[in-house]
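Trainee: For reference, this is work_29.pdb, and it has PDB, C-alpha atoms.
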```
ATOM      1  CA  MET W   1     101.165 179.873  95.840  1.00  0.00           C
ATOM      2  CA  THR W   2     103.628 182.186  97.541  1.00  0.00           C
ATOM      3  CA  GLN W   3     104.230 185.368  95.584  1.00  0.00           C
ATOM      4  CA  TYR W   4     107.573 187.189  95.733  1.00  0.00           C
ATOM      5  CA  SER W   5     108.039 190.898  95.138  1.00  0.00           C
ATOM      6  CA  ILE W   6     110.787 192.269  92.932  1.00  0.00           C
ATOM      7  CA  ALA W   7     112.211 195.760  92.487  1.00  0.00           C
ATOM      8  CA  ILE W   8     114.100 196.791  89.359  1.00  0.00           C
ATOM      9  CA  VAL W   9     116.860 199.385  89.624  1.00  0.00           C
ATOM     10  CA  ASP W  10     117.862 200.400  86.108  1.00  0.00           C
ATOM     11  CA  ASP W  11     118.174 203.766  84.387  1.00  0.00           C
ATOM     12  CA  HIS W  12     117.227 202.332  80.995  1.00  0.00           C
ATOM     13  CA  GLN W  13     113.452 202.649  81.016  1.00  0.00           C
ATOM     14  CA  ILE W  14     112.781 200.484  77.959  1.00  0.00           C
ATOM     15  CA  VAL W  15     114.877 197.624  79.338  1.00  0.00           C
ATOM     16  CA  SER W  16     113.318 197.973  82.765  1.00  0.00           C
ATOM     17  CA  GLU W  17     109.775 197.934  81.411  1.00  0.00           C
ATOM     18  CA  ALA W  18     110.489 194.897  79.211  1.00  0.00           C
ATOM     19  CA  ILE W  19     111.859 192.942  82.198  1.00  0.00           C
ATOM     20  CA  ALA W  20     108.936 194.029  84.359  1.00  0.00           C
ATOM     21  CA  GLY W  21     106.431 192.861  81.757  1.00  0.00           C
ATOM     22  CA  LEU W  22     108.104 189.474  81.523  1.00  0.00           C
ATOM     23  CA  ILE W  23     108.180 188.965  85.287  1.00  0.00           C
ATOM     24  CA  ASN W  24     104.664 190.241  85.919  1.00  0.00           C
ATOM     25  CA  ALA W  25     103.339 187.559  83.578  1.00  0.00           C
ATOM     26  CA  LEU W  26     104.415 184.925  86.120  1.00  0.00           C
ATOM     27  CA  PRO W  27     102.057 184.059  88.978  1.00  0.00           C
ATOM     28  CA  GLN W  28     104.845 183.598  91.550  1.00  0.00           C
ATOM     29  CA  TYR W  29     106.361 187.065  91.063  1.00  0.00           C
ATOM     30  CA  ASN W  30     105.205 190.655  90.945  1.00  0.00           C
ATOM     31  CA  ILE W  31     107.102 193.849  90.245  1.00  0.00           C
ATOM     32  CA  LEU W  32     106.804 196.051  93.305  1.00  0.00           C
ATOM     33  CA  TYR W  33     108.279 199.070  91.514  1.00  0.00           C
ATOM     34  CA  GLU W  34     110.927 200.290  89.075  1.00  0.00           C
ATOM     35  CA  VAL W  35     113.438 203.006  89.958  1.00  0.00           C
ATOM     36  CA  ARG W  36     116.202 204.630  87.931  1.00  0.00           C
ATOM     37  CA  ASN W  37     119.108 204.658  90.393  1.00  0.00           C
ATOM     38  CA  GLY W  38     120.184 203.721  93.889  1.00  0.00           C
ATOM     39  CA  LYS W  39     119.125 207.001  95.430  1.00  0.00           C
ATOM     40  CA  GLU W  40     115.534 206.389  94.368  1.00  0.00           C
ATOM     41  CA  LEU W  41     115.744 202.878  95.824  1.00  0.00           C
ATOM     42  CA  VAL W  42     116.997 204.216  99.157  1.00  0.00           C
ATOM     43  CA  SER W  43     114.043 206.619  99.242  1.00  0.00           C
ATOM     44  CA  LYS W  44     111.648 203.757  98.610  1.00  0.00           C
ATOM     45  CA  PHE W  45     113.113 201.766 101.492  1.00  0.00           C
ATOM     46  CA  ALA W  46     112.024 204.486 103.901  1.00  0.00           C
ATOM     47  CA  HIS W  47     108.656 202.703 103.930  1.00  0.00           C
ATOM     48  CA  LYS W  48     108.554 199.078 105.055  1.00  0.00           C
ATOM     49  CA  LYS W  49     105.944 198.157 102.470  1.00  0.00           C
ATOM     50  CA  ASN W  50     108.459 199.034  99.742  1.00  0.00           C
ATOM     51  CA  ILE W  51     111.089 196.487 100.777  1.00  0.00           C
ATOM     52  CA  PRO W  52     111.051 193.694  98.146  1.00  0.00           C
ATOM     53  CA  ASP W  53     112.087 190.065  98.370  1.00  0.00           C
ATOM     54  CA  LEU W  54     114.555 190.461  95.516  1.00  0.00           C
ATOM     55  CA  ILE W  55     116.206 193.303  93.591  1.00  0.00           C
ATOM     56  CA  LEU W  56     117.475 193.306  90.003  1.00  0.00           C
ATOM     57  CA  LEU W  57     120.289 195.847  90.054  1.00  0.00           C
ATOM     58  CA  ASP W  58     122.050 197.543  87.153  1.00  0.00           C
ATOM     59  CA  ILE W  59     125.611 198.803  87.656  1.00  0.00           C
ATOM     60  CA  ASN W  60     126.052 201.797  85.366  1.00  0.00           C
ATOM     61  CA  MET W  61     123.566 204.386  86.630  1.00  0.00           C
ATOM     62  CA  PRO W  62     123.743 208.110  87.387  1.00  0.00           C
ATOM     63  CA  ILE W  63     123.632 209.659  90.885  1.00  0.00           C
ATOM     64  CA  MET W  64     124.080 206.360  92.783  1.00  0.00           C
ATOM     65  CA  ASN W  65     125.442 203.439  90.763  1.00  0.00           C
ATOM     66  CA  GLY W  66     125.087 199.716  91.302  1.00  0.00           C
ATOM     67  CA  PHE W  67     128.243 199.323  93.388  1.00  0.00           C
ATOM     68  CA  GLU W  68     127.207 202.124  95.725  1.00  0.00           C
ATOM     69  CA  THR W  69     123.694 200.719  95.948  1.00  0.00           C
ATOM     70  CA  ALA W  70     124.991 197.223  96.686  1.00  0.00           C
ATOM     71  CA  ALA W  71     127.224 198.589  99.454  1.00  0.00           C
ATOM     72  CA  TRP W  72     124.236 200.411 100.965  1.00  0.00           C
ATOM     73  CA  LEU W  73     122.113 197.257 100.824  1.00  0.00           C
ATOM     74  CA  GLN W  74     124.868 195.162 102.378  1.00  0.00           C
ATOM     75  CA  LYS W  75     125.165 197.602 105.275  1.00  0.00           C
ATOM     76  CA  ASN W  76     121.515 198.480 105.839  1.00  0.00           C
ATOM     77  CA  HIS W  77     119.445 195.574 104.490  1.00  0.00           C
ATOM     78  CA  PRO W  78     121.593 192.439 104.214  1.00  0.00           C
ATOM     79  CA  GLU W  79     118.437 190.330 104.374  1.00  0.00           C
ATOM     80  CA  VAL W  80     117.301 191.583 100.952  1.00  0.00           C
ATOM     81  CA  ALA W  81     118.691 189.525  98.084  1.00  0.00           C
ATOM     82  CA  PHE W  82     119.873 191.298  94.965  1.00  0.00           C
ATOM     83  CA  VAL W  83     121.107 190.140  91.580  1.00  0.00           C
ATOM     84  CA  ALA W  84     123.254 192.241  89.276  1.00  0.00           C
ATOM     85  CA  LEU W  85     121.723 192.646  85.818  1.00  0.00           C
ATOM     86  CA  THR W  86     124.150 194.596  83.681  1.00  0.00           C
ATOM     87  CA  MET W  87     126.152 194.870  80.467  1.00  0.00           C
ATOM     88  CA  ASN W  88     129.455 194.705  82.392  1.00  0.00           C
ATOM     89  CA  ASP W  89     131.102 191.329  81.852  1.00  0.00           C
ATOM     90  CA  ASP W  90     134.588 192.181  83.145  1.00  0.00           C
ATOM     91  CA  GLU W  91     136.117 190.223  86.007  1.00  0.00           C
ATOM     92  CA  GLU W  92     136.586 193.296  88.214  1.00  0.00           C
ATOM     93  CA  SER W  93     132.877 194.170  88.141  1.00  0.00           C
ATOM     94  CA  ILE W  94     131.821 190.575  88.771  1.00  0.00           C
ATOM     95  CA  ILE W  95     134.147 190.064  91.734  1.00  0.00           C
ATOM     96  CA  LYS W  96     133.272 193.458  93.229  1.00  0.00           C
ATOM     97  CA  MET W  97     129.530 192.814  93.080  1.00  0.00           C
ATOM     98  CA  LEU W  98     129.917 189.361  94.602  1.00  0.00           C
ATOM     99  CA  ARG W  99     131.991 190.806  97.431  1.00  0.00           C
ATOM    100  CA  LEU W 100     129.196 193.311  97.998  1.00  0.00           C
ATOM    101  CA  GLY W 101     126.724 190.472  98.442  1.00  0.00           C
ATOM    102  CA  ALA W 102     125.154 189.902  95.017  1.00  0.00           C
ATOM    103  CA  LYS W 103     123.358 186.539  94.883  1.00  0.00           C
ATOM    104  CA  GLY W 104     123.739 186.386  91.126  1.00  0.00           C
ATOM    105  CA  TYR W 105     125.323 188.193  88.219  1.00  0.00           C
ATOM    106  CA  LEU W 106     123.503 188.304  84.897  1.00  0.00           C
ATOM    107  CA  ILE W 107     124.444 189.904  81.591  1.00  0.00           C
ATOM    108  CA  LYS W 108     121.614 191.741  79.865  1.00  0.00           C
ATOM    109  CA  ASP W 109     121.819 189.660  76.710  1.00  0.00           C
ATOM    110  CA  ILE W 110     120.521 186.561  78.534  1.00  0.00           C
ATOM    111  CA  ASP W 111     117.330 184.997  77.257  1.00  0.00           C
ATOM    112  CA  SER W 112     114.079 185.138  79.180  1.00  0.00           C
ATOM    113  CA  ASP W 113     114.246 181.488  80.251  1.00  0.00           C
ATOM    114  CA  GLU W 114     117.592 182.000  81.983  1.00  0.00           C
ATOM    115  CA  LEU W 115     116.344 185.127  83.734  1.00  0.00           C
ATOM    116  CA  LEU W 116     113.378 183.237  85.137  1.00  0.00           C
ATOM    117  CA  THR W 117     115.594 180.316  86.129  1.00  0.00           C
ATOM    118  CA  ALA W 118     117.845 182.771  87.959  1.00  0.00           C
ATOM    119  CA  LEU W 119     114.919 184.222  89.898  1.00  0.00           C
ATOM    120  CA  ASP W 120     113.707 180.757  90.888  1.00  0.00           C
ATOM    121  CA  GLU W 121     117.177 179.618  91.974  1.00  0.00           C
ATOM    122  CA  VAL W 122     117.861 182.715  94.065  1.00  0.00           C
ATOM    123  CA  ILE W 123     114.534 182.313  95.846  1.00  0.00           C
ATOM    124  CA  ARG W 124     114.970 178.552  96.314  1.00  0.00           C
ATOM    125  CA  LYS W 125     118.704 178.173  96.965  1.00  0.00           C
ATOM    126  CA  GLY W 126     119.929 181.682  97.693  1.00  0.00           C
ATOM    127  CA  TYR W 127     122.152 182.175  94.653  1.00  0.00           C
ATOM    128  CA  TYR W 128     122.468 181.694  90.884  1.00  0.00           C
ATOM    129  CA  TYR W 129     125.671 181.991  88.872  1.00  0.00           C
ATOM    130  CA  THR W 130     126.244 181.447  85.161  1.00  0.00           C
ATOM    131  CA  ASP W 131     129.167 179.628  83.571  1.00  0.00           C
ATOM    132  CA  LEU W 132     130.714 183.018  82.735  1.00  0.00           C
ATOM    133  CA  VAL W 133     130.664 184.118  86.351  1.00  0.00           C
ATOM    134  CA  ALA W 134     131.953 180.754  87.567  1.00  0.00           C
ATOM    135  CA  SER W 135     134.889 180.887  85.160  1.00  0.00           C
ATOM    136  CA  LYS W 136     135.783 184.393  86.361  1.00  0.00           C
ATOM    137  CA  LEU W 137     135.552 183.228  89.964  1.00  0.00           C
ATOM    138  CA  ILE W 138     137.755 180.197  89.430  1.00  0.00           C
ATOM    139  CA  THR W 139     140.331 182.304  87.582  1.00  0.00           C
ATOM    140  CA  ASN W 140     140.327 184.868  90.388  1.00  0.00           C
ATOM    141  CA  LEU W 141     140.620 182.225  93.091  1.00  0.00           C
ATOM    142  CA  THR W 142     143.464 180.518  91.249  1.00  0.00           C
ATOM    143  CA  GLN W 143     145.391 183.777  90.877  1.00  0.00           C
ATOM    144  CA  THR W 144     144.830 185.245  94.326  1.00  0.00           C
ATOM    145  CA  ASP W 145     144.088 182.498  96.788  1.00  0.00           C
ATOM    146  CA  LYS W 146     145.519 179.097  97.598  1.00  0.00           C
ATOM    147  CA  PRO W 147     143.168 176.490  99.056  1.00  0.00           C
ATOM    148  CA  LYS W 148     143.315 176.582 102.834  1.00  0.00           C
ATOM    149  CA  THR W 149     145.131 173.766 104.542  1.00  0.00           C
ATOM    150  CA  ASP W 150     143.899 174.295 108.095  1.00  0.00           C
ATOM    151  CA  THR W 151     142.037 171.624 110.015  1.00  0.00           C
ATOM    152  CA  ALA W 152     138.696 173.383 110.369  1.00  0.00           C
ATOM    153  CA  LEU W 153     135.895 171.083 111.375  1.00  0.00           C
ATOM    154  CA  PRO W 154     133.982 169.584 108.443  1.00  0.00           C
ATOM    155  CA  ILE W 155     130.638 171.197 107.697  1.00  0.00           C
ATOM    156  CA  ASN W 156     127.363 169.778 106.455  1.00  0.00           C
ATOM    157  CA  GLY W 157     128.494 166.226 107.178  1.00  0.00           C
ATOM    158  CA  MET W 158     131.587 166.454 104.987  1.00  0.00           C
ATOM    159  CA  LYS W 159     134.666 164.392 105.693  1.00  0.00           C
ATOM    160  CA  GLN W 160     138.026 166.163 105.905  1.00  0.00           C
ATOM    161  CA  THR W 161     139.088 164.587 102.607  1.00  0.00           C
ATOM    162  CA  GLU W 162     135.915 165.872 100.948  1.00  0.00           C
ATOM    163  CA  MET W 163     136.680 169.372 102.213  1.00  0.00           C
ATOM    164  CA  GLU W 164     140.164 169.122 100.735  1.00  0.00           C
ATOM    165  CA  PHE W 165     138.659 168.016  97.424  1.00  0.00           C
ATOM    166  CA  LEU W 166     136.154 170.891  97.553  1.00  0.00           C
ATOM    167  CA  ARG W 167     138.911 173.462  97.996  1.00  0.00           C
ATOM    168  CA  LEU W 168     140.897 172.001  95.114  1.00  0.00           C
ATOM    169  CA  ALA W 169     137.757 172.018  92.964  1.00  0.00           C
ATOM    170  CA  CYS W 170     137.841 175.826  93.300  1.00  0.00           C
ATOM    171  CA  THR W 171     141.018 175.934  91.218  1.00  0.00           C
ATOM    172  CA  GLU W 172     141.481 175.383  87.490  1.00  0.00           C
ATOM    173  CA  MET W 173     142.756 171.836  88.085  1.00  0.00           C
ATOM    174  CA  THR W 174     141.033 169.024  86.244  1.00  0.00           C
ATOM    175  CA  TYR W 175     139.586 166.218  88.333  1.00  0.00           C
ATOM    176  CA  ARG W 176     142.483 163.991  87.237  1.00  0.00           C
ATOM    177  CA  GLU W 177     144.998 166.596  88.416  1.00  0.00           C
ATOM    178  CA  ILE W 178     143.155 166.836  91.741  1.00  0.00           C
ATOM    179  CA  ALA W 179     143.468 163.068  92.078  1.00  0.00           C
ATOM    180  CA  ASP W 180     147.241 163.348  91.575  1.00  0.00           C
ATOM    181  CA  VAL W 181     147.556 166.121  94.190  1.00  0.00           C
ATOM    182  CA  MET W 182     145.507 164.144  96.714  1.00  0.00           C
ATOM    183  CA  CYS W 183     147.369 160.913  95.866  1.00  0.00           C
ATOM    184  CA  ILE W 184     144.138 159.060  95.171  1.00  0.00           C
ATOM    185  CA  SER W 185     142.592 157.466  92.105  1.00  0.00           C
ATOM    186  CA  PRO W 186     140.405 159.392  89.636  1.00  0.00           C
ATOM    187  CA  LYS W 187     137.581 157.008  90.581  1.00  0.00           C
ATOM    188  CA  THR W 188     137.862 158.099  94.229  1.00  0.00           C
ATOM    189  CA  VAL W 189     137.743 161.738  93.156  1.00  0.00           C
ATOM    190  CA  ASP W 190     134.594 160.980  91.184  1.00  0.00           C
ATOM    191  CA  GLY W 191     133.143 159.504  94.351  1.00  0.00           C
ATOM    192  CA  TYR W 192     133.969 162.637  96.377  1.00  0.00           C
ATOM    193  CA  ARG W 193     132.406 164.782  93.670  1.00  0.00           C
ATOM    194  CA  ASP W 194     129.191 162.764  93.471  1.00  0.00           C
ATOM    195  CA  ASN W 195     128.875 162.594  97.267  1.00  0.00           C
ATOM    196  CA  LEU W 196     129.241 166.365  97.567  1.00  0.00           C
ATOM    197  CA  PHE W 197     126.716 166.959  94.796  1.00  0.00           C
ATOM    198  CA  ASN W 198     124.225 165.020  96.930  1.00  0.00           C
ATOM    199  CA  LYS W 199     125.221 166.441 100.320  1.00  0.00           C
ATOM    200  CA  LEU W 200     125.310 170.060  99.183  1.00  0.00           C
ATOM    201  CA  ASP W 201     122.358 169.835  96.773  1.00  0.00           C
ATOM    202  CA  VAL W 202     124.337 171.125  93.797  1.00  0.00           C
ATOM    203  CA  LYS W 203     124.446 169.840  90.244  1.00  0.00           C
ATOM    204  CA  ASN W 204     127.883 170.795  88.974  1.00  0.00           C
ATOM    205  CA  ARG W 205     131.314 172.224  89.762  1.00  0.00           C
ATOM    206  CA  ILE W 206     129.928 175.765  89.726  1.00  0.00           C
ATOM    207  CA  GLY W 207     127.712 174.850  92.673  1.00  0.00           C
ATOM    208  CA  LEU W 208     130.719 173.452  94.545  1.00  0.00           C
ATOM    209  CA  VAL W 209     132.652 176.690  94.017  1.00  0.00           C
ATOM    210  CA  MET W 210     129.766 178.837  95.216  1.00  0.00           C
ATOM    211  CA  TYR W 211     129.285 176.666  98.310  1.00  0.00           C
ATOM    212  CA  ALA W 212     132.971 176.994  99.167  1.00  0.00           C
ATOM    213  CA  ILE W 213     132.818 180.779  98.802  1.00  0.00           C
ATOM    214  CA  LYS W 214     129.640 181.050 100.837  1.00  0.00           C
ATOM    215  CA  HIS W 215     131.166 179.082 103.713  1.00  0.00           C
ATOM    216  CA  LYS W 216     134.516 180.902 103.456  1.00  0.00           C
ATOM    217  CA  LEU W 217     136.526 177.826 102.564  1.00  0.00           C
ATOM    218  CA  VAL W 218     138.125 180.021  99.919  1.00  0.00           C
ATOM    219  CA  ASN W 219     138.264 183.801  99.635  1.00  0.00           C
ATOM    220  CA  ILE W 220     137.537 186.286  96.887  1.00  0.00           C
ATOM    221  CA  ASP W 221     140.315 188.818  97.349  1.00  0.00           C
ATOM    222  CA  GLU W 222     140.236 192.448  96.318  1.00  0.00           C
TER     223      GLU W 222
END
```
What is this structure when it is put down as C-alpha coordinates?
Mentor:
Amino acid sequence: MTQYSIAIVDDHQIVSEAIAGLINALPQYNILYEVRNGKELVSKFAHKKNIPDLILLDINMPIMNGFETAAWLQKNHPEVAFVALTMNDDEESIIKMLRLGAKGYLIKDIDSDELLTALDEVIRKGYYYTDLVASKLITNLTQTDKPKTDTALPINGMKQTEMEFLRLACTEMTYREIADVMCISPKTVDGYRDNLFNKLDVKNRIGLVMYAIKHKLVNIDE
(Lines of atoms letter the chains of each structure in order from A and count residues from 1; the text may use other names and numbers.)
(Lines give C-alpha, C1' and ligand atoms only; values in the text may rest on other atoms or scores of the structure.)
Protein backbone atom coordinates (compact mmCIF):
# COMPACT_ATOMS: atom_id res chain seq x y z
CA MET A 1 0.00 0.00 0.00
CA THR A 2 1.27 3.44 -0.93
CA GLN A 3 1.72 5.69 2.08
CA TYR A 4 1.29 9.47 1.82
CA SER A 5 2.98 11.99 4.08
CA ILE A 6 1.12 14.89 5.63
CA ALA A 7 2.29 18.07 7.34
CA ILE A 8 0.07 20.03 9.72
CA VAL A 9 0.48 23.79 9.97
CA ASP A 10 -1.55 25.00 12.93
CA ASP A 11 -0.70 27.14 15.95
CA HIS A 12 -3.21 25.34 18.17
CA GLN A 13 -1.15 22.48 19.56
CA ILE A 14 -4.04 20.50 21.05
CA VAL A 15 -5.97 20.59 17.77
CA SER A 16 -2.88 19.72 15.78
CA GLU A 17 -2.00 16.77 17.98
CA ALA A 18 -5.58 15.44 17.88
CA ILE A 19 -5.61 15.56 14.06
CA ALA A 20 -2.18 13.96 13.89
CA GLY A 21 -3.27 11.11 16.15
CA LEU A 22 -6.32 10.45 14.00
CA ILE A 23 -4.35 10.42 10.76
CA ASN A 24 -1.45 8.37 12.08
CA ALA A 25 -3.90 5.59 12.95
CA LEU A 26 -4.48 5.05 9.22
CA PRO A 27 -2.09 2.80 7.29
CA GLN A 28 -2.16 4.92 4.12
CA TYR A 29 -1.07 8.16 5.82
CA ASN A 30 1.64 9.33 8.18
CA ILE A 31 2.24 12.70 9.78
CA LEU A 32 5.63 13.92 8.63
CA TYR A 33 5.66 16.79 11.14
CA GLU A 34 3.61 19.51 12.82
CA VAL A 35 4.59 23.18 12.73
CA ARG A 36 2.99 26.25 14.27
CA ASN A 37 3.10 28.75 11.39
CA GLY A 38 4.15 29.26 7.80
CA LYS A 39 7.64 30.42 8.66
CA GLU A 40 8.37 27.10 10.35
CA LEU A 41 7.00 25.29 7.30
CA VAL A 42 9.27 27.27 4.97
CA SER A 43 12.25 26.30 7.14
CA LYS A 44 11.27 22.65 6.92
CA PHE A 45 11.10 22.83 3.13
CA ALA A 46 14.80 23.68 3.02
CA HIS A 47 15.37 19.91 3.17
CA LYS A 48 13.88 17.76 0.42
CA LYS A 49 13.00 14.97 2.82
CA ASN A 50 10.62 17.37 4.60
CA ILE A 51 8.40 18.05 1.58
CA PRO A 52 5.08 16.23 2.20
CA ASP A 53 2.48 14.95 -0.22
CA LEU A 54 -0.25 17.01 1.42
CA ILE A 55 -0.50 19.91 3.88
CA LEU A 56 -3.33 20.74 6.28
CA LEU A 57 -3.12 24.50 6.65
CA ASP A 58 -4.72 26.76 9.24
CA ILE A 59 -5.39 30.40 8.34
CA ASN A 60 -5.17 32.39 11.56
CA MET A 61 -1.58 31.98 12.74
CA PRO A 62 1.09 34.35 14.04
CA ILE A 63 4.26 35.37 12.15
CA MET A 64 3.18 33.90 8.78
CA ASN A 65 -0.53 33.17 8.38
CA GLY A 66 -2.32 30.72 6.12
CA PHE A 67 -2.82 33.15 3.24
CA GLU A 68 0.85 34.09 3.22
CA THR A 69 1.85 30.44 3.46
CA ALA A 70 -0.49 29.48 0.62
CA ALA A 71 0.97 32.23 -1.57
CA TRP A 72 4.49 30.98 -0.82
CA LEU A 73 3.50 27.40 -1.67
CA GLN A 74 1.82 28.48 -4.89
CA LYS A 75 4.96 30.31 -5.99
CA ASN A 76 7.64 27.92 -4.77
CA HIS A 77 6.03 24.46 -4.55
CA PRO A 78 2.88 24.34 -6.69
CA GLU A 79 3.23 20.56 -6.89
CA VAL A 80 2.45 20.19 -3.17
CA ALA A 81 -1.27 19.94 -2.45
CA PHE A 82 -2.68 21.77 0.54
CA VAL A 83 -6.09 21.90 2.19
CA ALA A 84 -7.27 24.74 4.39
CA LEU A 85 -8.40 23.55 7.82
CA THR A 86 -9.71 26.53 9.73
CA MET A 87 -12.51 28.13 11.74
CA ASN A 88 -13.04 30.81 9.06
CA ASP A 89 -16.26 30.12 7.17
CA ASP A 90 -16.65 33.51 5.45
CA GLU A 91 -16.84 33.75 1.68
CA GLU A 92 -13.82 36.06 1.40
CA SER A 93 -11.50 33.57 3.14
CA ILE A 94 -12.81 30.64 1.10
CA ILE A 95 -12.44 32.38 -2.26
CA LYS A 96 -9.00 33.75 -1.36
CA MET A 97 -7.65 30.35 -0.35
CA LEU A 98 -9.03 28.72 -3.49
CA ARG A 99 -7.41 31.39 -5.63
CA LEU A 100 -4.15 30.64 -3.85
CA GLY A 101 -4.41 27.00 -4.87
CA ALA A 102 -6.10 25.21 -1.97
CA LYS A 103 -7.37 21.78 -3.04
CA GLY A 104 -9.97 21.79 -0.29
CA TYR A 105 -11.43 23.97 2.42
CA LEU A 106 -12.52 22.38 5.68
CA ILE A 107 -14.03 23.90 8.81
CA LYS A 108 -12.58 22.60 12.06
CA ASP A 109 -15.90 21.36 13.38
CA ILE A 110 -16.05 18.60 10.74
CA ASP A 111 -16.23 15.03 11.97
CA SER A 112 -13.37 12.60 11.61
CA ASP A 113 -15.04 10.64 8.79
CA GLU A 114 -15.29 13.74 6.60
CA LEU A 115 -11.68 14.67 7.28
CA LEU A 116 -10.52 11.24 6.16
CA THR A 117 -12.79 11.37 3.12
CA ALA A 118 -11.26 14.73 2.23
CA LEU A 119 -7.73 13.33 2.43
CA ASP A 120 -8.66 10.37 0.23
CA GLU A 121 -10.40 12.56 -2.36
CA VAL A 122 -7.54 15.05 -2.60
CA ILE A 123 -5.05 12.23 -3.11
CA ARG A 124 -7.29 10.39 -5.60
CA LYS A 125 -8.96 13.22 -7.53
CA GLY A 126 -6.95 16.31 -6.67
CA TYR A 127 -9.61 18.23 -4.75
CA TYR A 128 -12.39 17.99 -2.15
CA TYR A 129 -15.02 20.64 -1.46
CA THR A 130 -17.92 20.58 0.98
CA ASP A 131 -21.45 21.78 0.31
CA LEU A 132 -20.64 24.97 2.24
CA VAL A 133 -17.71 25.78 -0.01
CA ALA A 134 -19.66 24.91 -3.15
CA SER A 135 -22.51 27.23 -2.15
CA LYS A 136 -20.05 30.07 -1.55
CA LEU A 137 -18.43 29.40 -4.92
CA ILE A 138 -21.70 29.37 -6.81
CA THR A 139 -22.81 32.58 -5.10
CA ASN A 140 -19.50 34.24 -5.96
CA LEU A 141 -19.61 33.08 -9.56
CA THR A 142 -23.19 34.27 -9.95
CA GLN A 143 -22.36 37.72 -8.58
CA THR A 144 -19.05 38.32 -10.33
CA ASP A 145 -18.86 36.24 -13.46
CA LYS A 146 -21.16 35.44 -16.35
CA PRO A 147 -20.71 32.09 -18.09
CA LYS A 148 -18.39 32.47 -21.06
CA THR A 149 -19.96 32.38 -24.48
CA ASP A 150 -16.84 31.89 -26.58
CA THR A 151 -16.39 28.93 -28.88
CA ALA A 152 -13.45 27.28 -27.14
CA LEU A 153 -12.87 23.73 -28.22
CA PRO A 154 -14.66 21.14 -26.07
CA ILE A 155 -12.49 19.35 -23.54
CA ASN A 156 -12.52 15.80 -22.24
CA GLY A 157 -14.82 14.66 -25.04
CA MET A 158 -17.55 17.17 -24.22
CA LYS A 159 -19.89 18.49 -26.86
CA GLN A 160 -20.32 22.25 -27.20
CA THR A 161 -23.84 22.00 -25.79
CA GLU A 162 -22.52 20.10 -22.77
CA MET A 163 -19.96 22.85 -22.18
CA GLU A 164 -22.73 25.43 -22.29
CA PHE A 165 -24.72 23.38 -19.78
CA LEU A 166 -21.64 23.06 -17.55
CA ARG A 167 -21.14 26.82 -17.45
CA LEU A 168 -24.79 27.40 -16.61
CA ALA A 169 -24.56 24.76 -13.88
CA CYS A 170 -22.05 27.08 -12.17
CA THR A 171 -24.83 29.60 -11.52
CA GLU A 172 -27.69 29.44 -9.04
CA MET A 173 -30.14 28.42 -11.78
CA THR A 174 -32.16 25.27 -11.25
CA TYR A 175 -31.89 22.57 -13.89
CA ARG A 176 -35.35 23.54 -15.15
CA GLU A 177 -34.26 27.16 -15.53
CA ILE A 178 -31.16 26.00 -17.41
CA ALA A 179 -33.42 24.06 -19.76
CA ASP A 180 -35.41 27.24 -20.45
CA VAL A 181 -32.24 29.27 -21.16
CA MET A 182 -30.90 26.59 -23.50
CA CYS A 183 -34.33 26.15 -25.14
CA ILE A 184 -34.31 22.41 -24.51
CA SER A 185 -36.42 20.06 -22.43
CA PRO A 186 -35.69 19.29 -18.76
CA LYS A 187 -35.19 15.66 -19.83
CA THR A 188 -32.40 16.73 -22.21
CA VAL A 189 -30.77 18.72 -19.42
CA ASP A 190 -30.90 15.62 -17.24
CA GLY A 191 -29.15 13.76 -20.02
CA TYR A 192 -26.37 16.38 -20.24
CA ARG A 193 -25.96 16.23 -16.47
CA ASP A 194 -25.74 12.43 -16.32
CA ASN A 195 -23.35 12.29 -19.29
CA LEU A 196 -21.03 14.82 -17.66
CA PHE A 197 -21.13 12.98 -14.35
CA ASN A 198 -19.79 9.94 -16.22
CA LYS A 199 -17.31 11.77 -18.47
CA LEU A 200 -15.83 13.91 -15.70
CA ASP A 201 -16.00 11.26 -12.96
CA VAL A 202 -18.01 13.45 -10.60
CA LYS A 203 -21.05 12.58 -8.52
CA ASN A 204 -22.93 15.85 -8.15
CA ARG A 205 -23.25 19.50 -9.14
CA ILE A 206 -20.41 20.46 -6.80
CA GLY A 207 -18.07 18.30 -8.87
CA LEU A 208 -19.25 20.01 -12.06
CA VAL A 209 -18.53 23.44 -10.58
CA MET A 210 -15.06 22.44 -9.45
CA TYR A 211 -14.25 20.95 -12.86
CA ALA A 212 -15.33 24.16 -14.57
CA ILE A 213 -13.15 26.24 -12.24
CA LYS A 214 -10.16 23.95 -12.66
CA HIS A 215 -10.35 24.19 -16.45
CA LYS A 216 -11.03 27.95 -16.39
CA LEU A 217 -14.46 27.71 -17.97
CA VAL A 218 -15.53 30.15 -15.26
CA ASN A 219 -13.44 32.46 -13.10
CA ILE A 220 -13.25 33.18 -9.40
CA ASP A 221 -12.77 36.94 -9.34
CA GLU A 222 -11.13 38.95 -6.61
Trainee: Counting only C-alpha atoms, which residue out of W:Arg124, W:Lys203, W:Arg176, W:His47 sits closest to Asp190 of chain W?
Mentor: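 Closest candidate: W:Arg176.
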Trainee: List the spatial neighbours of segment 78-83 of chain W as a ChimeraX atom specification - criterion: any atom at most 10 Å away, only C-alpha atoms, same-chain residues fewer than 2 positions off excluded.
Mentor: /W:6-8,51-58,70-76,85-86,97-98,100-106,118-119,122-123,126-129
Trainee: Do you know which residues are at most 8 Å from segment 184-189 of chain W counting only C-alpha atoms, after dropping those on the same chain fewer than 6 positions away, and could you put them as a count of residues only?
Mentor: 4
Trainee: So which residues touch Ser93 of chain W within 9 Å, counting only C-alpha atoms, skipping near sequence neighbours fewer than 5 positions away, as a list in words?
Mentor: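 Residues meeting the cut-off are Ile59, Phe67, Asn88 and Leu98 of chain W.
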Trainee: Quick one, how far is atom CA of Ala18 of chain W from atom CA of Asp113 of chain W?
Mentor: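 Spanning atom CA of Ala18 of chain W to atom CA of Asp113 of chain W is a straight-line distance of 14.0 Å.
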Trainee: Check the smallest atom-to-atom distance from each of W:Met87, W:Leu208, W:Ala20, W:Leu26 to Leu168 of chain W using all atoms listed in the file, then report the winner.
Mentor: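 Of W:Met87, W:Leu208, W:Ala20, W:Leu26, the one nearest Leu168 of chain W is W:Leu208, counting all atoms listed in the file.
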Trainee: Between W:Lys49, W:Arg193, W:Glu92, W:Asp120, which is the closest to Gln3 of chain W once you count all atoms listed in the file?
Mentor: W:Asp120
Trainee: Looking at W:Val133, W:Cys183, W:Val15, W:Met173, which one is nearest to Gly207 of chain W, with distances taken over only C-alpha atoms?
Mentor: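 Among the listed residues, the smallest separation from Gly207 of chain W belongs to W:Val133.
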Trainee: What is the atom CA of Thr174 of chain W-atom CA of Arg205 of chain W distance in Å, reported with one decimal?
Mentor: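 That distance, rounded to one decimal, is 10.8 Å.
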Trainee: Just give me the gap between atom CA of Tyr192 of chain W and atom CA of Ile95 of chain W in Å, one decimal is fine.
Mentor: 27.8 Å
Trainee: Compare W:Asn24, W:Thr130, W:Asn198, W:Thr69 by their minimum atom-to-atom distance to Lys39 of chain W, counting all atoms listed in the file, and give me the closest one.
Mentor: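 Of W:Asn24, W:Thr130, W:Asn198, W:Thr69, the one nearest Lys39 of chain W is W:Thr69, counting all atoms listed in the file.
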Trainee: Which is closer to Thr161 of chain W than all the others in W:Gln13, W:His77, W:Ala179, W:Asp89, using only C-alpha atoms?
Mentor: W:Ala179
